[in-house]
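Worksheet: the structure to be examined is printed underneath.
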Amino acid sequence: MLYSKLFGKTIKDTPTDETSINAKFLLRGGFVDKLMAGSYTLMPLGFLVIKKIEKIIREEINSTGGQEILMPLLHPKSIWNETGRWESAKEVMYQFEKNDKDYALSFTHEEILLDLARKHVNTYRDFPLKLYHFSTKFRNELRAKSGVLRGREFLMKDLYSVHATEEDLDKYYAEVGDAYLRIFKRLGLDAIKVEAAGGVFTKDNTHEFQVICESGEDEIIYCPGGDFAENTEITKVKEGKECDLGHGPLKKVRAIEVGNIFRFGTVYSEKMGVSFTDKDGKKKFAYLGSYGIGLTRAMGTIAEVHHDDKGIIWPANVAPFDAHLITLGNSQLTIDRGKKAYAELEKAGIEVLYDDREDVTAGGKFADADLIGIPVRLIVSEKTGDKVEFKLRSGKDSELLSLDEVIKKVKKES
RNA sequence: CGGGGUGUAGUGAAUCGGCAUCACGCAUCGUUCGGGACGAUGAGACACUGGGUUCAAUUCCCAGCACCCCGACCA
């Protein structure tokens, strides 16, 4: 991709009314644009990051047997009345009337998924169902805040599983928990699996995946040894208490919730009549589990965790491009070498953002590269001759390499 | 929804009753090119909206709206 053609330019000065790190850098780098509080456009760079995140999630969920679908965002009131959530979730749900009919914008999809299940499944042989989709969620937040971390409209992966037995639900619930840990690791996030309350979703305790970060809204108490973690909204344990397994004192920290998993049991199935014929020929109600990851929030969290004072430092897995190629100087020789390097890198299957601008100084290009935060920076200039300078965004040192060596090295990094 | 803050060009700021300024960015031209370079020329603002006070309001007052922050609530 030629930077000169990329839609969305960097901004030098930080918009004054943004204080959160993710909003500052994502806005300045041209990753997102704000339409209103809590509503963002994903610009090309931001959308590339989201697609990388999506790909990782898709791979891991597919590995648990998940099948991808796409459910509607416009829902009739009647489906929400079946579980009573039209009333109980009124606060978070956008509801409106049109032509004498009541509608809601999707804030979650349990009801829609269960409707699918009862229409298409009627024997234990069809279980378990593991269906997921990536789509927008609308939530009437009383206060949108912290950039993309709490929007009124955001992208989410939600997975729903329906089982014939509680044991099977528990088994899959654990399996998804493990998949989530793998996902967050690949996203460059150190997520802790934390016990928490279910909010509007369920009265039972659930698990959240929390990334330790000062700007987080949640507070957790956890054992650094990894065998205990609870959200402070439910915990009875005090900070500083010795961990039972001798890992030292429990710590209290702020954290960002990047994912959560719920077990609903048969509560909604009973209300919605999601039943099936079991082995013994009897009619039984199905067990439901629900698992969510906010993609836009994940992107914001990565920015919160991986940055310095110059900009974001994307982990290679989620970076919008593998390498950021810059040419310095406008001599025909340098321009030709830059073009050649770009072509060769692309040919080798490397995703390159090529800053081909001729009217921007070296300092400007460096500053933009740091702000955008692609993990590898490559420079072609008079100084580099027929070689290419290789530098990691996260490091200080650079080295002069041949194009072939660069290709090998970039592939190793990404 | 309670409390606080802020609304002036795309962005950041100045003016704080008297013809709306500056920087960055943008456009054209030229010189430049290893950490946001320089010169020249130019475009770009109904000073958030509505009302009030005043000879005169971007400036003072009131109301509304928007955004940000804290809280409540929530992924």
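By convention here, the chains of the structure tokens are called A, B, ... in the order presented, each chain's residues are numbered starting at 1, and ligands are numbered starting at 1 in the order presented.
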
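Using only C-alpha atoms (C1' of nucleotides), the residues found no farther than 12 Å from Lys241 of chain A, other than those of its own chain fewer than 6 positions away, are A:Ile221, A:Tyr222, A:Cys223, A:Phe228, A:His247, A:Gly248, A:Pro249, A:Leu250, A:Lys251, A:Lys252.
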
Who sits within 12 Å of Ile57 of chain A, only C-alpha atoms (C1' of nucleotides), same chain under 3 positions skipped, as a PyMOL selection string: chain A and resi 50-54+60-64+66+68+132-134+156-159+176+179-187+259+291-295+298+317-318

Could you please take those selected residues and save N, CA and C atoms as a CSV table (one decimal), in the first residue's frame?
```
chain,number,residue,atom,x,y,z
A,50,ILE,N,-8.4,-4.6,12.8
A,50,ILE,CA,-9.6,-5.3,13.2
A,50,ILE,C,-9.7,-6.7,12.5
A,51,LYS,N,-9.3,-6.6,11.2
A,51,LYS,CA,-9.3,-7.9,10.4
A,51,LYS,C,-8.3,-8.9,10.9
A,52,LYS,N,-7.2,-8.3,11.3
A,52,LYS,CA,-6.1,-9.2,11.9
A,52,LYS,C,-6.7,-9.9,13.2
A,53,ILE,N,-7.3,-9.1,14.0
A,53,ILE,CA,-7.8,-9.6,15.3
A,53,ILE,C,-8.9,-10.6,15.0
A,54,GLU,N,-9.7,-10.3,14.0
A,54,GLU,CA,-10.8,-11.2,13.6
A,54,GLU,C,-10.3,-12.5,13.1
A,60,GLU,N,-9.1,-19.6,16.1
A,60,GLU,CA,-9.2,-20.3,17.4
A,60,GLU,C,-10.6,-20.8,17.7
A,61,ILE,N,-11.6,-20.0,17.3
A,61,ILE,CA,-13.0,-20.5,17.6
A,61,ILE,C,-13.3,-21.7,16.7
A,62,ASN,N,-12.9,-21.6,15.4
A,62,ASN,CA,-13.1,-22.7,14.5
A,62,ASN,C,-12.4,-24.0,15.1
A,63,SER,N,-11.3,-23.8,15.7
A,63,SER,CA,-10.6,-25.0,16.2
A,63,SER,C,-11.3,-25.7,17.4
A,64,THR,N,-12.3,-25.0,18.0
A,64,THR,CA,-13.2,-25.6,19.0
A,64,THR,C,-14.4,-26.2,18.3
A,66,GLY,N,-16.4,-24.3,16.3
A,66,GLY,CA,-17.4,-23.3,16.0
A,66,GLY,C,-17.7,-23.1,14.5
A,68,GLU,N,-19.3,-20.3,11.7
A,68,GLU,CA,-19.6,-18.9,11.6
A,68,GLU,C,-20.9,-18.6,10.9
A,132,TYR,N,-21.2,-18.8,16.0
A,132,TYR,CA,-20.7,-17.5,16.3
A,132,TYR,C,-20.8,-16.6,15.2
A,133,HIS,N,-20.7,-15.3,15.5
A,133,HIS,CA,-20.6,-14.3,14.4
A,133,HIS,C,-19.9,-13.1,14.9
A,134,PHE,N,-19.4,-12.3,13.9
A,134,PHE,CA,-18.8,-11.1,14.2
A,134,PHE,C,-19.8,-10.0,13.8
A,156,MET,N,-18.2,-7.0,17.9
A,156,MET,CA,-18.0,-8.1,18.9
A,156,MET,C,-18.0,-9.4,18.2
A,157,LYS,N,-17.3,-10.4,18.7
A,157,LYS,CA,-17.4,-11.7,18.3
A,157,LYS,C,-18.3,-12.4,19.4
A,158,ASP,N,-19.4,-12.9,19.0
A,158,ASP,CA,-20.2,-13.6,20.1
A,158,ASP,C,-20.4,-15.0,19.6
A,159,LEU,N,-20.1,-15.9,20.5
A,159,LEU,CA,-20.2,-17.4,20.2
A,159,LEU,C,-21.3,-17.9,21.2
A,176,VAL,N,-13.6,-23.3,25.6
A,176,VAL,CA,-13.6,-21.9,25.1
A,176,VAL,C,-12.7,-21.0,26.0
A,179,ALA,N,-9.4,-21.5,24.7
A,179,ALA,CA,-9.2,-20.9,23.4
A,179,ALA,C,-9.1,-19.3,23.6
A,180,TYR,N,-9.8,-18.8,24.5
A,180,TYR,CA,-9.7,-17.3,24.8
A,180,TYR,C,-8.3,-16.9,25.2
A,181,LEU,N,-7.7,-17.7,26.1
A,181,LEU,CA,-6.4,-17.4,26.6
A,181,LEU,C,-5.4,-17.5,25.4
A,182,ARG,N,-5.6,-18.4,24.5
A,182,ARG,CA,-4.7,-18.5,23.3
A,182,ARG,C,-4.9,-17.3,22.4
A,183,ILE,N,-6.2,-16.9,22.2
A,183,ILE,CA,-6.5,-15.7,21.4
A,183,ILE,C,-5.8,-14.5,22.0
A,184,PHE,N,-6.0,-14.2,23.2
A,184,PHE,CA,-5.5,-13.0,23.8
A,184,PHE,C,-3.9,-13.0,23.7
A,185,LYS,N,-3.4,-14.2,23.9
A,185,LYS,CA,-1.9,-14.3,23.8
A,185,LYS,C,-1.5,-13.9,22.4
A,186,ARG,N,-2.2,-14.4,21.4
A,186,ARG,CA,-1.8,-14.1,20.0
A,186,ARG,C,-2.0,-12.6,19.7
A,187,LEU,N,-3.0,-12.0,20.4
A,187,LEU,CA,-3.3,-10.6,20.2
A,187,LEU,C,-2.2,-9.7,21.0
A,259,GLY,N,-12.9,-9.9,27.3
A,259,GLY,CA,-13.8,-11.0,26.9
A,259,GLY,C,-14.5,-11.5,28.1
A,291,TYR,N,-20.4,-16.5,24.8
A,291,TYR,CA,-19.0,-16.2,24.9
A,291,TYR,C,-18.6,-15.0,24.0
A,292,GLY,N,-18.2,-13.9,24.6
A,292,GLY,CA,-18.0,-12.7,23.8
A,292,GLY,C,-16.6,-12.1,23.9
A,293,ILE,N,-16.1,-11.5,22.8
A,293,ILE,CA,-14.9,-10.8,22.7
A,293,ILE,C,-15.2,-9.5,22.0
A,294,GLY,N,-14.9,-8.4,22.6
A,294,GLY,CA,-15.1,-7.1,21.9
A,294,GLY,C,-13.9,-6.8,21.0
A,295,LEU,N,-14.0,-6.8,19.7
A,295,LEU,CA,-12.9,-6.5,18.8
A,295,LEU,C,-12.4,-5.1,18.9
A,298,ALA,N,-10.7,-4.7,22.0
A,298,ALA,CA,-9.4,-5.4,22.0
A,298,ALA,C,-8.3,-4.5,21.3
A,317,ASN,N,1.3,-9.7,15.2
A,317,ASN,CA,0.1,-10.4,14.7
A,317,ASN,C,-1.1,-9.5,14.4
A,318,VAL,N,-1.1,-8.4,14.9
A,318,VAL,CA,-2.3,-7.5,14.7
A,318,VAL,C,-1.9,-6.2,14.0
```

Residues of chain B within 8 Å of chain A, counting only C-alpha atoms (C1' of nucleotides) - could you list those as a list in words?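 Matching residues, ligands excluded from the count: U6, U11, G12, C24, C33, G34, G35, G36, A37, C67, C68, C73, C74 and A75 of chain B.
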
For the residues selected in the previous step, produce a file with N, CA and C atoms (P, O5', C5', C4', C3', O3' and C1' of nucleotides) as an mmCIF file, in the first residue's frame.
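So part24.cif came out as:
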```cif
data_model
loop_
_atom_site.group_PDB
_atom_site.id
_atom_site.type_symbol
_atom_site.label_atom_id
_atom_site.label_comp_id
_atom_site.auth_asym_id
_atom_site.auth_seq_id
_atom_site.Cartn_x
_atom_site.Cartn_y
_atom_site.Cartn_z
ATOM 1 P P U B 6 -13.479 25.809 31.746
ATOM 2 O "O5'" U B 6 -13.466 25.220 30.279
ATOM 3 C "C5'" U B 6 -12.258 24.722 29.719
ATOM 4 C "C4'" U B 6 -12.547 24.068 28.397
ATOM 5 C "C3'" U B 6 -13.275 24.949 27.393
ATOM 6 O "O3'" U B 6 -12.374 25.854 26.766
ATOM 7 C "C1'" U B 6 -14.265 22.809 27.416
ATOM 8 P P U B 11 -11.156 20.238 13.636
ATOM 9 O "O5'" U B 11 -9.617 20.106 13.980
ATOM 10 C "C5'" U B 11 -9.049 18.823 14.245
ATOM 11 C "C4'" U B 11 -7.610 18.987 14.667
ATOM 12 C "C3'" U B 11 -7.378 19.969 15.800
ATOM 13 O "O3'" U B 11 -7.632 19.397 17.070
ATOM 14 C "C1'" U B 11 -5.842 20.417 14.084
ATOM 15 P P G B 12 -8.080 20.360 18.258
ATOM 16 O "O5'" G B 12 -6.745 21.142 18.600
ATOM 17 C "C5'" G B 12 -5.652 20.451 19.179
ATOM 18 C "C4'" G B 12 -4.486 21.382 19.334
ATOM 19 C "C3'" G B 12 -4.763 22.643 20.143
ATOM 20 O "O3'" G B 12 -4.696 22.392 21.531
ATOM 21 C "C1'" G B 12 -3.611 23.216 18.172
ATOM 22 P P C B 24 4.041 27.096 10.471
ATOM 23 O "O5'" C B 24 3.287 25.715 10.709
ATOM 24 C "C5'" C B 24 3.913 24.666 11.449
ATOM 25 C "C4'" C B 24 2.933 23.542 11.682
ATOM 26 C "C3'" C B 24 2.354 22.896 10.429
ATOM 27 O "O3'" C B 24 3.228 21.935 9.881
ATOM 28 C "C1'" C B 24 0.610 23.335 11.958
ATOM 29 P P C B 33 19.549 18.323 0.743
ATOM 30 O "O5'" C B 33 18.662 17.460 1.729
ATOM 31 C "C5'" C B 33 18.344 17.958 3.046
ATOM 32 C "C4'" C B 33 17.314 17.035 3.662
ATOM 33 C "C3'" C B 33 17.759 15.576 3.575
ATOM 34 O "O3'" C B 33 17.521 14.932 4.808
ATOM 35 C "C1'" C B 33 15.611 15.866 2.567
ATOM 36 P P G B 34 18.764 14.677 5.801
ATOM 37 O "O5'" G B 34 18.116 13.407 6.485
ATOM 38 C "C5'" G B 34 17.073 13.586 7.457
ATOM 39 C "C4'" G B 34 17.380 12.700 8.630
ATOM 40 C "C3'" G B 34 18.761 12.963 9.219
ATOM 41 O "O3'" G B 34 18.717 12.785 10.623
ATOM 42 C "C1'" G B 34 18.609 10.726 8.470
ATOM 43 P P G B 35 18.051 14.014 11.488
ATOM 44 O "O5'" G B 35 16.499 13.767 11.200
ATOM 45 C "C5'" G B 35 15.582 14.873 11.074
ATOM 46 C "C4'" G B 35 14.511 14.770 12.130
ATOM 47 C "C3'" G B 35 14.956 15.159 13.537
ATOM 48 O "O3'" G B 35 13.891 15.817 14.197
ATOM 49 C "C1'" G B 35 14.118 12.962 13.556
ATOM 50 P P G B 36 13.607 17.414 13.692
ATOM 51 O "O5'" G B 36 12.600 17.159 12.520
ATOM 52 C "C5'" G B 36 11.306 16.687 12.831
ATOM 53 C "C4'" G B 36 10.400 17.063 11.715
ATOM 54 C "C3'" G B 36 9.964 18.530 11.717
ATOM 55 O "O3'" G B 36 9.588 18.793 10.381
ATOM 56 C "C1'" G B 36 8.112 17.145 12.203
ATOM 57 P P A B 37 9.807 20.378 9.779
ATOM 58 O "O5'" A B 37 11.395 20.409 9.711
ATOM 59 C "C5'" A B 37 12.168 21.419 10.311
ATOM 60 C "C4'" A B 37 13.030 22.107 9.282
ATOM 61 C "C3'" A B 37 12.436 23.363 8.672
ATOM 62 O "O3'" A B 37 12.548 24.465 9.544
ATOM 63 C "C1'" A B 37 13.481 22.069 6.990
ATOM 64 P P C B 67 -21.727 14.085 22.038
ATOM 65 O "O5'" C B 67 -20.227 14.427 22.437
ATOM 66 C "C5'" C B 67 -19.199 14.418 21.463
ATOM 67 C "C4'" C B 67 -17.978 15.081 22.013
ATOM 68 C "C3'" C B 67 -17.431 14.472 23.295
ATOM 69 O "O3'" C B 67 -16.648 13.326 23.041
ATOM 70 C "C1'" C B 67 -17.524 16.810 23.531
ATOM 71 P P C B 68 -16.581 12.178 24.129
ATOM 72 O "O5'" C B 68 -15.570 12.789 25.206
ATOM 73 C "C5'" C B 68 -14.207 12.985 24.883
ATOM 74 C "C4'" C B 68 -13.520 13.684 26.025
ATOM 75 C "C3'" C B 68 -13.667 13.010 27.381
ATOM 76 O "O3'" C B 68 -12.748 11.949 27.546
ATOM 77 C "C1'" C B 68 -14.109 15.305 27.607
ATOM 78 P P C B 73 -23.769 1.283 40.591
ATOM 79 O "O5'" C B 73 -24.275 1.138 39.087
ATOM 80 C "C5'" C B 73 -25.674 0.985 38.796
ATOM 81 C "C4'" C B 73 -25.868 0.988 37.308
ATOM 82 C "C3'" C B 73 -25.152 -0.134 36.551
ATOM 83 O "O3'" C B 73 -25.883 -1.347 36.567
ATOM 84 C "C1'" C B 73 -24.720 1.906 35.478
ATOM 85 P P C B 74 -25.070 -2.739 36.478
ATOM 86 O "O5'" C B 74 -24.395 -2.663 35.035
ATOM 87 C "C5'" C B 74 -25.053 -3.239 33.916
ATOM 88 C "C4'" C B 74 -24.410 -2.794 32.642
ATOM 89 C "C3'" C B 74 -23.240 -3.642 32.144
ATOM 90 O "O3'" C B 74 -23.692 -4.760 31.419
ATOM 91 C "C1'" C B 74 -22.633 -1.366 32.042
ATOM 92 P P A B 75 -22.861 -6.140 31.542
ATOM 93 O "O5'" A B 75 -21.682 -5.945 30.465
ATOM 94 C "C5'" A B 75 -21.667 -6.716 29.325
ATOM 95 C "C4'" A B 75 -20.225 -7.010 29.041
ATOM 96 C "C3'" A B 75 -19.265 -6.314 30.012
ATOM 97 O "O3'" A B 75 -18.276 -7.132 30.486
ATOM 98 C "C1'" A B 75 -18.891 -5.582 27.777
#
```

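Reported to one decimal place, the separation of atom CA of Glu82 of chain A from atom CA of Asp278 of chain A is 24.0 Å.
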
Quick one: pull the distance between atom CA of Gly188 of chain A and atom CA of Glu153 of chain A, Å, one decimal. 24.0 Å

Per-residue DSSP, segment 123-371 of chain A, filtered to helix (DSSP H, G or I), as a PyMOL selection string: chain A and resi 124-126+147-149+166-186+267-272+295-305+316-318+332-347+362-371

Strand (DSSP E) per DSSP on the backbone: members of segment 164-393 of chain A, as number ranges by chain: A: 191-196, 206-212, 218-222, 229-231, 251-265, 275-277, 283-285, 287-294, 307-308, 311-312, 323-327, 352-355, 376-380, 388-392

Write out as JSON, numbers by chain each polymer residue whose atoms come within 8 Å of Val162 of chain A, counting only C-alpha atoms (C1' of nucleotides); drop sequence neighbours fewer than 3 positions from it. {"A": [117, 127, 128, 129, 130, 169, 286, 287, 288, 289]}
